[in-house]
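Peer 1: Structure file input01.csv, CSV, C-alpha atoms, is pasted below:
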chain,number,residue,atom,x,y,z
H,1,MET,CA,75.2,83.7,141.7
H,2,GLY,CA,72.9,80.8,142.3
H,3,PRO,CA,71.2,79.6,145.5
H,4,GLY,CA,74.4,78.1,147.0
H,5,PRO,CA,77.1,77.2,147.2
H,6,ILE,CA,78.6,80.6,146.4
H,7,ASN,CA,82.1,81.8,146.0
H,8,ALA,CA,83.8,81.5,149.4
H,9,ASP,CA,85.3,84.6,150.9
H,10,PRO,CA,89.1,84.6,150.1
H,11,ARG,CA,89.9,85.1,153.8
H,12,VAL,CA,88.1,81.9,154.6
H,13,LEU,CA,90.1,80.0,151.9
H,14,ARG,CA,93.3,81.5,153.3
H,15,ALA,CA,92.4,80.3,156.8
H,16,MET,CA,91.8,76.8,155.4
H,17,SER,CA,95.3,76.7,153.9
H,18,ALA,CA,96.9,76.6,157.4
H,19,GLN,CA,98.7,73.4,158.5
H,20,LEU,CA,96.8,70.7,160.3
H,21,VAL,CA,97.0,70.5,164.1
H,22,GLY,CA,96.3,67.4,166.2
H,23,GLN,CA,92.9,67.4,167.8
H,24,TYR,CA,94.3,67.3,171.3
H,25,ASP,CA,96.9,70.0,170.7
H,26,PRO,CA,96.2,72.9,173.2
H,27,SER,CA,95.9,75.2,170.2
H,28,MET,CA,93.2,73.0,168.7
H,29,THR,CA,91.3,73.0,171.9
H,30,ALA,CA,91.5,76.8,171.9
H,31,TYR,CA,90.2,76.9,168.3
H,32,MET,CA,87.2,74.7,169.2
H,33,ASN,CA,86.4,76.9,172.2
H,34,GLU,CA,86.7,80.1,170.1
H,35,THR,CA,84.5,78.6,167.4
H,36,GLN,CA,81.8,77.7,169.9
H,37,GLN,CA,81.8,81.2,171.3
H,38,LEU,CA,81.7,82.8,167.9
H,39,TYR,CA,78.7,80.8,166.8
H,40,ARG,CA,76.9,81.7,170.0
H,41,GLY,CA,77.1,85.2,168.6
H,42,VAL,CA,76.0,84.2,165.1
H,43,PHE,CA,73.0,82.2,166.4
H,44,ARG,CA,72.2,84.9,169.0
H,45,THR,CA,72.2,82.4,171.9
H,46,GLU,CA,73.8,81.6,175.2
H,47,ASN,CA,73.5,77.8,174.7
H,48,GLU,CA,76.4,75.9,176.1
H,49,HIS,CA,75.9,73.2,173.5
H,50,THR,CA,76.9,75.2,170.4
H,51,LEU,CA,79.2,73.3,168.2
H,52,LEU,CA,80.1,72.1,164.7
H,53,VAL,CA,78.8,68.8,163.2
H,54,ASP,CA,81.5,67.7,160.8
H,55,GLY,CA,79.7,67.3,157.5
H,56,THR,CA,77.5,69.3,155.2
H,57,SER,CA,74.4,71.0,156.4
H,58,ARG,CA,72.4,67.8,156.0
H,59,ALA,CA,74.7,66.2,158.6
H,60,GLY,CA,73.6,68.8,161.1
H,61,ILE,CA,69.9,68.1,160.3
H,62,GLU,CA,70.4,64.4,160.7
H,63,ALA,CA,72.3,64.7,163.9
H,64,ALA,CA,69.6,66.9,165.4
H,65,LEU,CA,66.7,64.7,164.4
H,66,VAL,CA,68.2,61.3,165.1
H,67,SER,CA,69.4,62.5,168.5
H,68,LEU,CA,66.1,64.1,169.5
H,69,ILE,CA,63.7,61.6,168.1
H,70,GLU,CA,63.0,58.2,169.6
H,71,PRO,CA,61.1,55.6,167.5
H,72,GLY,CA,57.4,56.3,167.8
H,73,ASP,CA,57.7,60.0,168.7
H,74,ARG,CA,55.3,62.3,166.9
H,75,VAL,CA,56.9,65.0,164.7
H,76,LEU,CA,55.1,67.8,162.9
H,77,VAL,CA,56.7,69.1,159.7
H,78,PRO,CA,55.1,72.0,157.9
H,79,ILE,CA,56.2,71.7,154.3
H,80,PHE,CA,56.4,74.7,151.9
H,81,GLY,CA,59.3,73.6,149.6
H,82,ARG,CA,61.7,70.8,148.9
H,83,PHE,CA,63.6,70.9,152.2
H,84,GLY,CA,60.5,70.4,154.3
H,85,HIS,CA,60.3,67.0,152.5
H,86,LEU,CA,63.9,66.4,153.5
H,87,LEU,CA,63.0,67.0,157.2
H,88,ARG,CA,60.1,64.6,156.9
H,89,GLU,CA,62.2,61.8,155.3
H,90,ILE,CA,65.0,62.1,157.9
H,91,ALA,CA,62.5,62.0,160.8
H,92,GLU,CA,60.8,59.0,159.3
H,93,ARG,CA,64.1,57.2,159.0
H,94,ALA,CA,64.7,58.0,162.7
H,95,GLY,CA,61.4,56.0,163.4
H,96,ALA,CA,59.1,59.0,164.0
H,97,GLU,CA,55.4,59.1,163.4
H,98,VAL,CA,55.6,62.1,161.1
H,99,HIS,CA,52.6,64.4,160.5
H,100,VAL,CA,52.8,66.9,157.8
H,101,ARG,CA,51.0,70.0,156.7
H,102,GLU,CA,51.6,71.3,153.2
H,103,ILE,CA,51.0,74.7,151.5
H,104,ALA,CA,51.6,75.7,147.9
H,105,TRP,CA,55.3,76.3,147.1
H,106,GLY,CA,56.0,80.0,147.3
H,107,GLN,CA,53.7,80.6,150.3
H,108,VAL,CA,54.3,80.3,154.1
H,109,PHE,CA,52.3,79.2,157.1
H,110,THR,CA,50.6,81.5,159.5
H,111,PRO,CA,51.4,81.0,163.2
H,112,ALA,CA,47.7,80.1,163.7
H,113,ALA,CA,47.8,77.4,161.2
H,114,ILE,CA,50.9,75.8,162.8
H,115,GLU,CA,49.3,76.1,166.3
H,116,GLN,CA,46.2,74.4,165.0
H,117,ALA,CA,48.3,71.6,163.5
H,118,ILE,CA,50.1,71.2,166.9
H,119,ARG,CA,46.7,70.9,168.7
H,120,GLU,CA,45.6,68.2,166.2
H,121,THR,CA,48.8,66.1,166.2
H,122,ARG,CA,50.3,66.7,169.7
H,123,PRO,CA,53.9,66.2,168.5
H,124,LYS,CA,57.0,66.0,170.6
H,125,LEU,CA,58.9,68.1,168.0
H,126,LEU,CA,58.1,70.8,165.5
H,127,ALA,CA,60.6,70.6,162.6
H,128,VAL,CA,60.5,73.5,160.2
H,129,VAL,CA,62.8,75.0,157.6
H,130,HIS,CA,63.5,78.7,158.1
H,131,GLY,CA,64.4,79.8,154.5
H,132,ASP,CA,63.7,77.3,151.7
H,133,THR,CA,65.9,78.0,148.8
H,134,SER,CA,63.8,75.9,146.5
H,135,THR,CA,61.1,78.5,146.7
H,136,THR,CA,63.2,81.5,148.0
H,137,VAL,CA,60.6,82.3,150.7
H,138,MET,CA,61.2,82.3,154.5
H,139,GLN,CA,58.9,81.0,157.2
H,140,PRO,CA,58.4,83.5,160.0
H,141,LEU,CA,59.6,81.9,163.3
H,142,ASP,CA,59.3,84.6,165.8
H,143,GLU,CA,55.9,83.6,167.1
H,144,LEU,CA,56.4,79.8,167.0
H,145,GLY,CA,58.6,79.4,170.0
H,146,ALA,CA,55.9,80.7,172.3
H,147,ILE,CA,53.4,78.4,170.6
H,148,CYS,CA,55.7,75.4,171.2
H,149,ALA,CA,56.2,76.4,174.8
H,150,ARG,CA,52.5,76.6,175.4
H,151,HIS,CA,52.1,73.0,174.1
H,152,GLY,CA,55.2,71.5,175.5
H,153,VAL,CA,56.7,70.9,172.0
H,154,LEU,CA,60.4,71.0,171.1
H,155,PHE,CA,61.2,73.5,168.4
H,156,TYR,CA,63.8,72.7,165.7
H,157,THR,CA,64.7,74.7,162.6
H,158,ASP,CA,67.2,74.4,159.7
H,159,VAL,CA,68.7,77.9,158.9
H,160,THR,CA,71.2,76.8,156.3
H,161,ALA,CA,69.8,79.1,153.6
H,162,SER,CA,69.0,82.1,155.8
H,163,LEU,CA,71.6,82.5,158.6
H,164,GLY,CA,73.8,85.5,158.4
H,165,GLY,CA,71.7,87.3,155.7
H,166,ASN,CA,68.3,87.5,157.5
H,167,ALA,CA,67.2,88.2,161.0
H,168,PHE,CA,67.5,85.2,163.3
H,169,GLU,CA,67.3,85.0,167.1
H,170,ALA,CA,67.7,81.5,168.6
H,171,ASP,CA,67.1,82.5,172.2
H,172,ALA,CA,64.6,85.3,171.7
H,173,TRP,CA,62.5,83.2,169.4
H,174,GLY,CA,62.5,80.1,171.7
H,175,LEU,CA,64.4,77.7,169.5
H,176,ASP,CA,65.5,74.4,171.1
H,177,ALA,CA,67.6,73.1,168.2
H,178,VAL,CA,69.1,74.9,165.2
H,179,THR,CA,71.4,73.7,162.4
H,180,ALA,CA,73.0,75.4,159.5
H,181,GLY,CA,75.7,75.3,156.8
H,182,LEU,CA,78.5,77.6,155.6
H,183,GLN,CA,77.9,77.7,151.9
H,184,LYS,CA,75.4,80.5,151.6
H,185,CYS,CA,75.3,83.8,153.6
H,186,LEU,CA,78.2,82.6,155.8
H,187,ALA,CA,80.5,82.8,152.7
H,188,GLY,CA,82.3,79.5,153.3
H,189,PRO,CA,82.5,76.0,151.7
H,190,SER,CA,80.1,73.2,152.5
H,191,GLY,CA,81.5,70.7,155.0
H,192,SER,CA,80.7,72.0,158.4
H,193,ALA,CA,77.2,72.3,160.1
H,194,PRO,CA,77.2,74.9,162.9
H,195,SER,CA,74.5,73.8,165.4
H,196,THR,CA,73.1,74.9,168.8
H,197,PHE,CA,70.9,73.2,171.3
H,198,SER,CA,68.9,74.7,174.2
H,199,PRO,CA,69.2,73.2,177.8
H,200,ARG,CA,65.8,71.6,177.2
H,201,ALA,CA,67.0,69.9,174.0
H,202,ALA,CA,70.3,68.9,175.6
H,203,GLU,CA,68.4,67.2,178.4
H,204,VAL,CA,66.4,65.1,175.9
H,205,ILE,CA,69.6,64.2,174.1
H,206,THR,CA,71.8,63.4,177.2
H,207,ALA,CA,69.1,61.2,178.6
H,208,ARG,CA,70.0,58.9,175.8
H,209,ARG,CA,73.7,59.2,176.4
H,210,SER,CA,76.1,56.4,176.0
H,211,VAL,CA,79.9,56.2,176.0
H,212,GLU,CA,81.9,54.0,173.6
H,213,ALA,CA,83.6,50.9,175.0
H,214,GLY,CA,87.3,51.8,175.5
H,215,LEU,CA,86.4,55.3,176.7
H,216,ARG,CA,84.0,54.5,179.6
H,217,GLU,CA,84.8,55.5,183.1
H,218,SER,CA,83.0,54.7,186.3
H,219,GLY,CA,79.4,55.9,186.0
H,220,ASP,CA,79.3,56.0,182.2
H,221,SER,CA,76.6,54.1,180.4
H,222,GLY,CA,77.1,51.7,177.5
H,223,LEU,CA,74.8,51.0,174.6
H,224,GLY,CA,71.2,50.1,175.5
H,225,VAL,CA,71.3,51.5,179.0
H,226,GLY,CA,68.4,53.8,180.0
H,227,ARG,CA,66.3,55.2,177.2
H,228,SER,CA,66.6,54.0,173.6
H,229,VAL,CA,70.1,54.5,172.2
H,230,ILE,CA,70.6,57.1,169.6
H,231,ARG,CA,70.5,55.2,166.3
H,232,SER,CA,73.7,56.6,164.9
H,233,ASN,CA,77.3,56.7,166.1
H,234,TYR,CA,78.7,59.5,164.0
H,235,PHE,CA,75.6,61.7,164.5
H,236,ASP,CA,75.2,60.9,168.2
H,237,LEU,CA,74.9,64.4,169.7
H,238,ALA,CA,75.4,63.2,173.2
H,239,MET,CA,78.8,61.9,172.2
H,240,LEU,CA,79.5,65.2,170.3
H,241,PHE,CA,78.6,67.1,173.5
H,242,ASP,CA,81.3,65.1,175.3
H,243,TYR,CA,83.7,65.7,172.4
H,244,TRP,CA,83.2,69.4,172.4
H,245,GLY,CA,82.7,69.7,176.2
H,246,ALA,CA,85.0,69.6,179.1
H,247,ARG,CA,85.7,65.9,179.0
H,248,ARG,CA,87.0,66.0,175.4
H,249,LEU,CA,86.1,62.4,174.9
H,250,ASN,CA,87.4,61.1,171.6
H,251,HIS,CA,84.7,60.6,169.0
H,252,HIS,CA,86.2,61.2,165.6
H,253,THR,CA,89.2,62.8,164.1
H,254,GLU,CA,88.3,66.5,163.9
H,255,ALA,CA,88.0,67.9,160.4
H,256,THR,CA,90.7,70.5,161.1
H,257,THR,CA,90.7,72.4,157.8
H,258,ALA,CA,86.9,72.6,157.9
H,259,LEU,CA,87.0,73.9,161.4
H,260,TYR,CA,89.5,76.6,160.4
H,261,GLY,CA,87.0,77.7,157.7
H,262,ALA,CA,84.0,77.6,159.9
H,263,ARG,CA,85.8,79.6,162.6
H,264,GLU,CA,86.8,82.3,160.0
H,265,CYS,CA,83.2,82.5,158.6
H,266,ALA,CA,81.9,83.3,162.0
H,267,ARG,CA,84.8,85.6,162.9
H,268,LEU,CA,84.2,87.7,159.7
H,269,LEU,CA,80.4,87.9,160.3
H,270,ILE,CA,80.8,89.0,164.0
H,271,ASP,CA,83.5,91.5,162.9
H,272,GLU,CA,81.2,93.0,160.3
H,273,GLY,CA,78.3,93.0,162.7
H,274,LEU,CA,75.1,91.0,162.3
H,275,PRO,CA,72.9,94.0,161.7
H,276,GLU,CA,75.3,95.3,159.1
H,277,ALA,CA,75.6,91.9,157.4
H,278,ILE,CA,71.8,91.5,157.3
H,279,GLU,CA,71.4,95.0,155.8
H,280,ARG,CA,74.1,94.2,153.2
H,281,HIS,CA,72.1,91.2,152.1
H,282,ARG,CA,68.9,93.1,152.2
H,283,LEU,CA,70.3,95.9,150.0
H,284,HIS,CA,71.9,93.8,147.3
H,285,GLY,CA,68.9,91.4,147.3
H,286,ALA,CA,66.6,94.4,146.8
H,287,ALA,CA,68.8,95.6,143.9
H,288,MET,CA,68.7,92.2,142.3
H,289,LEU,CA,64.9,92.0,142.7
H,290,ALA,CA,64.4,95.4,141.2
H,291,GLY,CA,66.8,94.6,138.4
H,292,VAL,CA,65.0,91.5,137.2
H,293,GLN,CA,61.7,93.3,137.5
H,294,GLY,CA,63.2,96.2,135.6
H,295,LEU,CA,64.0,93.8,132.7
H,296,GLY,CA,60.3,93.0,132.6
H,297,LEU,CA,60.6,89.5,134.2
H,298,ASP,CA,58.1,88.1,136.6
H,299,VAL,CA,59.1,87.0,140.1
H,300,PHE,CA,57.8,83.9,141.8
H,301,GLY,CA,56.6,83.5,145.4
H,302,ASP,CA,55.3,85.7,148.2
H,303,LEU,CA,57.5,88.7,148.1
H,304,ALA,CA,56.5,89.8,151.6
H,305,HIS,CA,58.3,86.7,152.9
H,306,LYS,CA,61.2,86.5,150.4
H,307,MET,CA,64.6,85.8,151.8
H,308,ASN,CA,67.0,88.7,151.4
H,309,ASN,CA,69.6,86.6,149.7
H,310,VAL,CA,67.9,84.9,146.8
H,311,VAL,CA,65.2,85.6,144.2
H,312,ALA,CA,63.1,83.3,142.1
H,313,VAL,CA,62.6,84.5,138.5
H,314,VAL,CA,59.9,83.1,136.3
H,315,ILE,CA,61.5,81.8,133.1
H,316,PRO,CA,59.8,83.5,130.1
H,317,ASP,CA,58.0,81.1,127.8
H,318,SER,CA,60.0,82.4,124.8
H,319,VAL,CA,63.3,81.1,126.0
H,320,ASN,CA,65.0,77.8,126.9
H,321,GLY,CA,65.9,78.2,130.6
H,322,ASP,CA,68.8,75.7,130.5
H,323,ALA,CA,70.2,77.4,127.5
H,324,VAL,CA,70.1,80.8,129.2
H,325,ARG,CA,71.9,79.4,132.2
H,326,GLY,CA,74.4,77.6,130.0
H,327,SER,CA,75.2,80.8,128.1
H,328,LEU,CA,75.6,82.8,131.3
H,329,LEU,CA,78.1,80.3,132.5
H,330,ALA,CA,80.0,79.7,129.3
H,331,ASP,CA,80.2,83.2,128.0
H,332,PHE,CA,80.2,85.3,131.3
H,333,GLY,CA,81.4,82.9,134.0
H,334,ILE,CA,78.2,83.4,135.9
H,335,GLU,CA,76.2,80.6,137.4
H,336,ILE,CA,72.6,80.8,138.4
H,337,GLY,CA,70.3,78.0,139.5
H,338,THR,CA,67.0,76.3,138.5
H,339,SER,CA,64.8,74.6,141.1
H,340,PHE,CA,63.3,71.3,142.0
H,341,GLY,CA,60.1,69.3,141.8
H,342,PRO,CA,57.1,71.4,140.6
H,343,LEU,CA,59.4,74.4,140.0
H,344,HIS,CA,62.0,72.6,137.9
H,345,GLY,CA,62.5,74.4,134.6
H,346,LYS,CA,60.0,77.0,135.6
H,347,ILE,CA,62.1,79.4,137.6
H,348,TRP,CA,65.7,80.6,137.9
H,349,ARG,CA,67.1,81.2,141.4
H,350,ILE,CA,69.6,84.0,141.5
H,351,GLY,CA,71.5,84.5,144.8
H,352,THR,CA,73.1,87.6,146.3
H,353,MET,CA,74.7,86.1,149.4
H,354,GLY,CA,77.9,85.9,151.4
H,355,PHE,CA,81.0,87.2,149.5
H,356,ASN,CA,78.8,87.7,146.4
H,357,ALA,CA,76.4,90.2,148.1
H,358,ARG,CA,78.1,93.1,146.4
H,359,THR,CA,77.2,95.9,143.9
H,360,ASP,CA,79.6,94.7,141.2
H,361,THR,CA,78.2,91.1,141.1
H,362,VAL,CA,74.6,92.3,141.0
H,363,MET,CA,75.3,94.8,138.2
H,364,THR,CA,77.4,92.3,136.2
H,365,THR,CA,74.8,89.6,136.5
H,366,LEU,CA,71.9,91.8,135.4
H,367,ALA,CA,73.9,93.2,132.4
H,368,ALA,CA,74.9,89.7,131.3
H,369,LEU,CA,71.3,88.3,131.8
H,370,GLU,CA,69.9,91.1,129.6
H,371,GLN,CA,72.3,90.3,126.8
H,372,VAL,CA,71.7,86.5,126.9
H,373,LEU,CA,67.9,87.0,127.0
H,374,ARG,CA,68.2,89.3,124.0
H,375,ARG,CA,70.2,86.8,122.1
H,376,GLN,CA,67.6,84.1,123.0
H,377,GLY,CA,64.9,86.3,121.5
H,378,ALA,CA,63.2,87.5,124.7
H,379,ALA,CA,61.6,90.9,124.9
H,380,VAL,CA,63.4,92.7,127.7
H,381,THR,CA,63.6,96.4,128.7
H,382,GLY,CA,66.9,97.7,127.4
H,383,GLY,CA,69.0,98.8,130.3
H,384,GLY,CA,66.1,98.2,132.7
H,385,GLY,CA,67.9,95.8,134.9
H,386,VAL,CA,71.0,97.8,135.7
H,387,GLY,CA,69.0,101.0,135.8
H,388,ALA,CA,66.6,99.7,138.4
H,389,ALA,CA,69.4,98.3,140.5
H,390,TRP,CA,71.2,101.6,140.3
H,391,ASP,CA,68.1,103.4,141.6
H,392,VAL,CA,68.0,101.1,144.6
H,393,TYR,CA,71.6,101.8,145.4
H,394,ALA,CA,71.1,105.6,144.9
H,395,ASP,CA,68.1,105.6,147.2
H,396,ALA,CA,70.2,103.7,149.8
H,397,VAL,CA,73.0,106.3,149.6
H,398,GLY,CA,70.4,109.1,149.7
H,399,GLY,CA,68.7,107.6,152.7
H,400,ALA,CA,72.0,107.2,154.5
H,401,ALA,CA,72.9,110.8,153.8
With the file now loaded, output its structure as structure tokens.
Peer 2:
Amino acid sequence: MGPGPINADPRVLRAMSAQLVGQYDPSMTAYMNETQQLYRGVFRTENEHTLLVDGTSRAGIEAALVSLIEPGDRVLVPIFGRFGHLLREIAERAGAEVHVREIAWGQVFTPAAIEQAIRETRPKLLAVVHGDTSTTVMQPLDELGAICARHGVLFYTDVTASLGGNAFEADAWGLDAVTAGLQKCLAGPSGSAPSTFSPRAAEVITARRSVEAGLRESGDSGLGVGRSVIRSNYFDLAMLFDYWGARRLNHHTEATTALYGARECARLLIDEGLPEAIERHRLHGAAMLAGVQGLGLDVFGDLAHKMNNVVAVVIPDSVNGDAVRGSLLADFGIEIGTSFGPLHGKIWRIGTMGFNARTDTVMTTLAALEQVLRRQGAAVTGGGGVGAAWDVYADAVGGAA
């Protein structure tokens, strides 16, 4: 019940137990095509270049940034938590001239503040995290695409923590590049990074295209031809476009088992329905929020911009935060998280996402947390956590009726 990874859906694990298939077997080609189409539905996009980057969510981030950024390009990174710092570091490693704007952790930027920063820095690329699990808040993106379009700026976001549990519209919001992971609301294991790229982003990437020696045909470019070469072989998105596209040019041995899992994650989400999945995460997140408040605990961050799927709980001064987490794990088999940097040891992060966005997990976690806090000597409201969560569920049932 932490901020991720969470328990994978058993149906995903079952799909991953299937036998390996060679990457040029017709069935594998069909699986790849199906996976691309399913993730177009998940991302809410018509982008041709929708694919998996084999690796954890950070692999997707690095592939996007190293393929879009040429040395000397200006990149703007608004930072409101740990993972904004990650975007900054990867962009700097790609040779970008990175400009940052920072706001206190737990808050988000206004569209006006981001537009002002764009005017001041004139970047090629805006790179922003959607939901940052280090703070549990989510940066609104719906107005930023139009801002980027007005200023001729490419728009990238990392949606690892938010996708599948919160509203997201790649095309309607004007995104050029989006990367994600499976281990949170998508209810899978880490190891695949679903990604999508607009025609505008694809044009930038393919302008730097090269084809490996041994695969080149007439008209293919080698390294160093044209614009600056993409500074990675494995994360070269132009090569991955050819690998996932009609030419099926060999790039790497496909992570077959991971692809099975990623395909099943998307299939389950589309089968449930995106509105229904988002509402499920909203409901159970609201119950968990009400429950921790019902125990008398304070919550960190701007609740108006809190992600549906994770809540930050201020650790009471009277308890040892690590001891509480240890007891929950050892005595109840429940894992919750702490945080990073300025929030390390100051908050717990409790997730309700993916397969764990369920009534029983919320109730069990709140009941166990109450008992552990009591044993640690904290003053909590007896039955307040489960009672408050029950009220949220009762209201939902009443509203539906």
Peer 1: Work out how far apart atom CA of H:Val42 and atom CA of H:Leu163 are and give it in Å to one decimal.
Peer 2: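 Going from atom CA of H:Val42 over to atom CA of H:Leu163, I get 8.0 Å.
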Peer 1: May I have the residues within 8 Å of H:Glu97 as a list of chain:residue names, using only C-alpha atoms and disregarding those fewer than 6 positions away in the same chain?
Peer 2: H:Pro71, H:Gly72, H:Asp73, H:Arg74, H:Val75
Peer 1: Let me make sure I understand: among H:Gly219, H:Gly84, H:Pro199, H:Gly261, which one has the smallest atom-to-atom distance to H:Gly131 if we use all atoms listed in the file?
Peer 2: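 For H:Gly131, the nearest of the given residues is H:Gly84.
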Peer 1: Could I get the residues of stretch 93-212 of chain H with an atom no further than 12 Å from an atom of stretch 341-350 of chain H, each paired with its nearest atom pair and that distance in Å to one decimal, using only C-alpha atoms, sorted by chain and residue number, as JSON lines?
Peer 2:
{"residue": "H:Ala104", "atom": "CA", "partner": "H:Pro342", "partner_atom": "CA", "distance": 10.1}
{"residue": "H:Trp105", "atom": "CA", "partner": "H:Pro342", "partner_atom": "CA", "distance": 8.3}
{"residue": "H:Gly106", "atom": "CA", "partner": "H:Leu343", "partner_atom": "CA", "distance": 9.8}
{"residue": "H:Asp132", "atom": "CA", "partner": "H:Arg349", "partner_atom": "CA", "distance": 11.5}
{"residue": "H:Thr133", "atom": "CA", "partner": "H:Arg349", "partner_atom": "CA", "distance": 8.2}
{"residue": "H:Ser134", "atom": "CA", "partner": "H:Leu343", "partner_atom": "CA", "distance": 8.0}
{"residue": "H:Thr135", "atom": "CA", "partner": "H:Leu343", "partner_atom": "CA", "distance": 8.0}
{"residue": "H:Thr136", "atom": "CA", "partner": "H:Arg349", "partner_atom": "CA", "distance": 7.7}
{"residue": "H:Val137", "atom": "CA", "partner": "H:Arg349", "partner_atom": "CA", "distance": 11.4}
Peer 1: Identify which of the residues H:Gly321, H:Gly377, H:Gly22, H:Gly174 lies closest to H:Ala146, counting all atoms listed in the file when measuring atom-to-atom distances.
Peer 2: H:Gly174
Peer 1: One number please: atom CA of H:Ser318 to atom CA of H:Thr365, in Å, one decimal.
Peer 2: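 Separation of atom CA of H:Ser318 and atom CA of H:Thr365: 20.2 Å.
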Peer 1: Just how far from atom CA of H:Phe340 is atom CA of H:Ile315, in Å to one decimal?
Peer 2: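 So the answer is 13.9 Å.
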Peer 1: Here is a test: counting only C-alpha atoms, which residue of H:Leu274, H:Val66, H:Met363, H:Ala177 is nearest to H:Pro194?
Peer 2: H:Ala177
Peer 1: Kindly indicate which residue among H:Ala112, H:Ile278, H:Leu182, H:Met28 lies nearest to H:Ala266, using only C-alpha atoms for the distances.
Peer 2: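 With only C-alpha atoms as the atom set, the closest residue is H:Leu182.
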Peer 1: So, counting all atoms listed in the file, which residue among H:Cys185, H:Ala368, H:Leu240, H:Ile118 is closest to H:Thr206?
Peer 2: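 The closest residue to H:Thr206 is H:Leu240.
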Peer 1: List every protein, DNA or RNA residue that has an atom no more than 8 Å from (68.2, 62.8, 174.1) in the file's coordinate frame, counting all atoms listed in the file, and report them as a list of chain:residue names.
Peer 2: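 It turns out the residues near that spot are H:Ser67, H:Leu68, H:Ile69, H:Ala201, H:Ala202, H:Glu203, H:Val204, H:Ile205, H:Thr206, H:Ala207, H:Arg208, H:Arg209, H:Ile230, H:Ala238.
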Peer 1: Which residues are near H:Val77? Cut-off 6 Å, only C-alpha atoms, ignore same chain within fewer than 6 positions. Put them as a count of residues only.
Peer 2: 3
Peer 1: Contacts of H:Gly245 at 10 Å or less, counting all atoms listed in the file, minus same-chain residues fewer than 6 places along, as a PDB file with C-alpha atoms, keeping the file's coordinate frame?
Peer 2:
ATOM      1  CA  MET H  32      87.200  74.700 169.200  1.00  0.00           C
ATOM      2  CA  ASN H  33      86.400  76.900 172.200  1.00  0.00           C
ATOM      3  CA  GLU H  48      76.400  75.900 176.100  1.00  0.00           C
ATOM      4  CA  HIS H  49      75.900  73.200 173.500  1.00  0.00           C
ATOM      5  CA  THR H  50      76.900  75.200 170.400  1.00  0.00           C
ATOM      6  CA  LEU H  51      79.200  73.300 168.200  1.00  0.00           C
ATOM      7  CA  MET H 239      78.800  61.900 172.200  1.00  0.00           C
TER       8      MET H 239
END
Peer 1: List every protein, DNA or RNA residue that has at least one atom no more than 10 Å from (69.8, 84.1, 147.7) in the file's coordinates, counting only C-alpha atoms, and write the result as a ChimeraX atom specification.
Peer 2: /H:1-4,6,131-133,136-137,161-162,165,184-185,281,284-285,288,306-312,349-354,356-357
Peer 1: Which polymer residues have any atom within 10 Å of an atom of stretch 327-332 of chain H, counting all atoms listed in the file, with same-chain residues fewer than 5 positions away left out, as JSON, numbers by chain?
Peer 2: {"H": [321, 322, 364, 365, 368, 369, 371, 372, 373, 375, 376]}
Peer 1: May I ask which of the residues H:Ser198, H:Asn7, H:Gln37, H:Thr29 is the closest one to H:Arg358, counting all atoms listed in the file?
Peer 2: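 Using all atoms listed in the file, H:Arg358 sits closest to H:Asn7.
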Peer 1: Output as an mmCIF file, in the coordinates of the input: stretch 349-356 of chain H, completed with N, CA, C and O atoms.
Peer 2:
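In the end it all went to selection_13.cif:
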data_model
loop_
_atom_site.group_PDB
_atom_site.id
_atom_site.type_symbol
_atom_site.label_atom_id
_atom_site.label_comp_id
_atom_site.auth_asym_id
_atom_site.auth_seq_id
_atom_site.Cartn_x
_atom_site.Cartn_y
_atom_site.Cartn_z
ATOM 1 N N ARG H 349 66.834 80.648 140.013
ATOM 2 C CA ARG H 349 67.100 81.200 141.400
ATOM 3 C C ARG H 349 68.445 81.915 141.305
ATOM 4 O O ARG H 349 69.471 81.315 140.979
ATOM 5 N N ILE H 350 68.400 83.201 141.598
ATOM 6 C CA ILE H 350 69.600 84.000 141.500
ATOM 7 C C ILE H 350 69.902 84.498 142.967
ATOM 8 O O ILE H 350 69.068 85.104 143.647
ATOM 9 N N GLY H 351 71.101 84.180 143.423
ATOM 10 C CA GLY H 351 71.500 84.500 144.800
ATOM 11 C C GLY H 351 72.345 85.756 144.864
ATOM 12 O O GLY H 351 73.084 86.097 143.937
ATOM 13 N N THR H 352 72.219 86.452 145.969
ATOM 14 C CA THR H 352 73.100 87.600 146.300
ATOM 15 C C THR H 352 73.466 87.333 147.789
ATOM 16 O O THR H 352 72.814 87.861 148.687
ATOM 17 N N MET H 353 74.478 86.516 148.022
ATOM 18 C CA MET H 353 74.700 86.100 149.400
ATOM 19 C C MET H 353 76.222 85.961 149.685
ATOM 20 O O MET H 353 77.031 85.758 148.772
ATOM 21 N N GLY H 354 76.524 86.095 150.981
ATOM 22 C CA GLY H 354 77.900 85.900 151.400
ATOM 23 C C GLY H 354 78.838 86.876 150.689
ATOM 24 O O GLY H 354 78.565 88.072 150.562
ATOM 25 N N PHE H 355 79.952 86.355 150.210
ATOM 26 C CA PHE H 355 81.000 87.200 149.500
ATOM 27 C C PHE H 355 80.416 87.782 148.247
ATOM 28 O O PHE H 355 80.941 88.786 147.765
ATOM 29 N N ASN H 356 79.365 87.206 147.686
ATOM 30 C CA ASN H 356 78.800 87.700 146.400
ATOM 31 C C ASN H 356 77.696 88.717 146.618
ATOM 32 O O ASN H 356 77.075 89.132 145.629
#
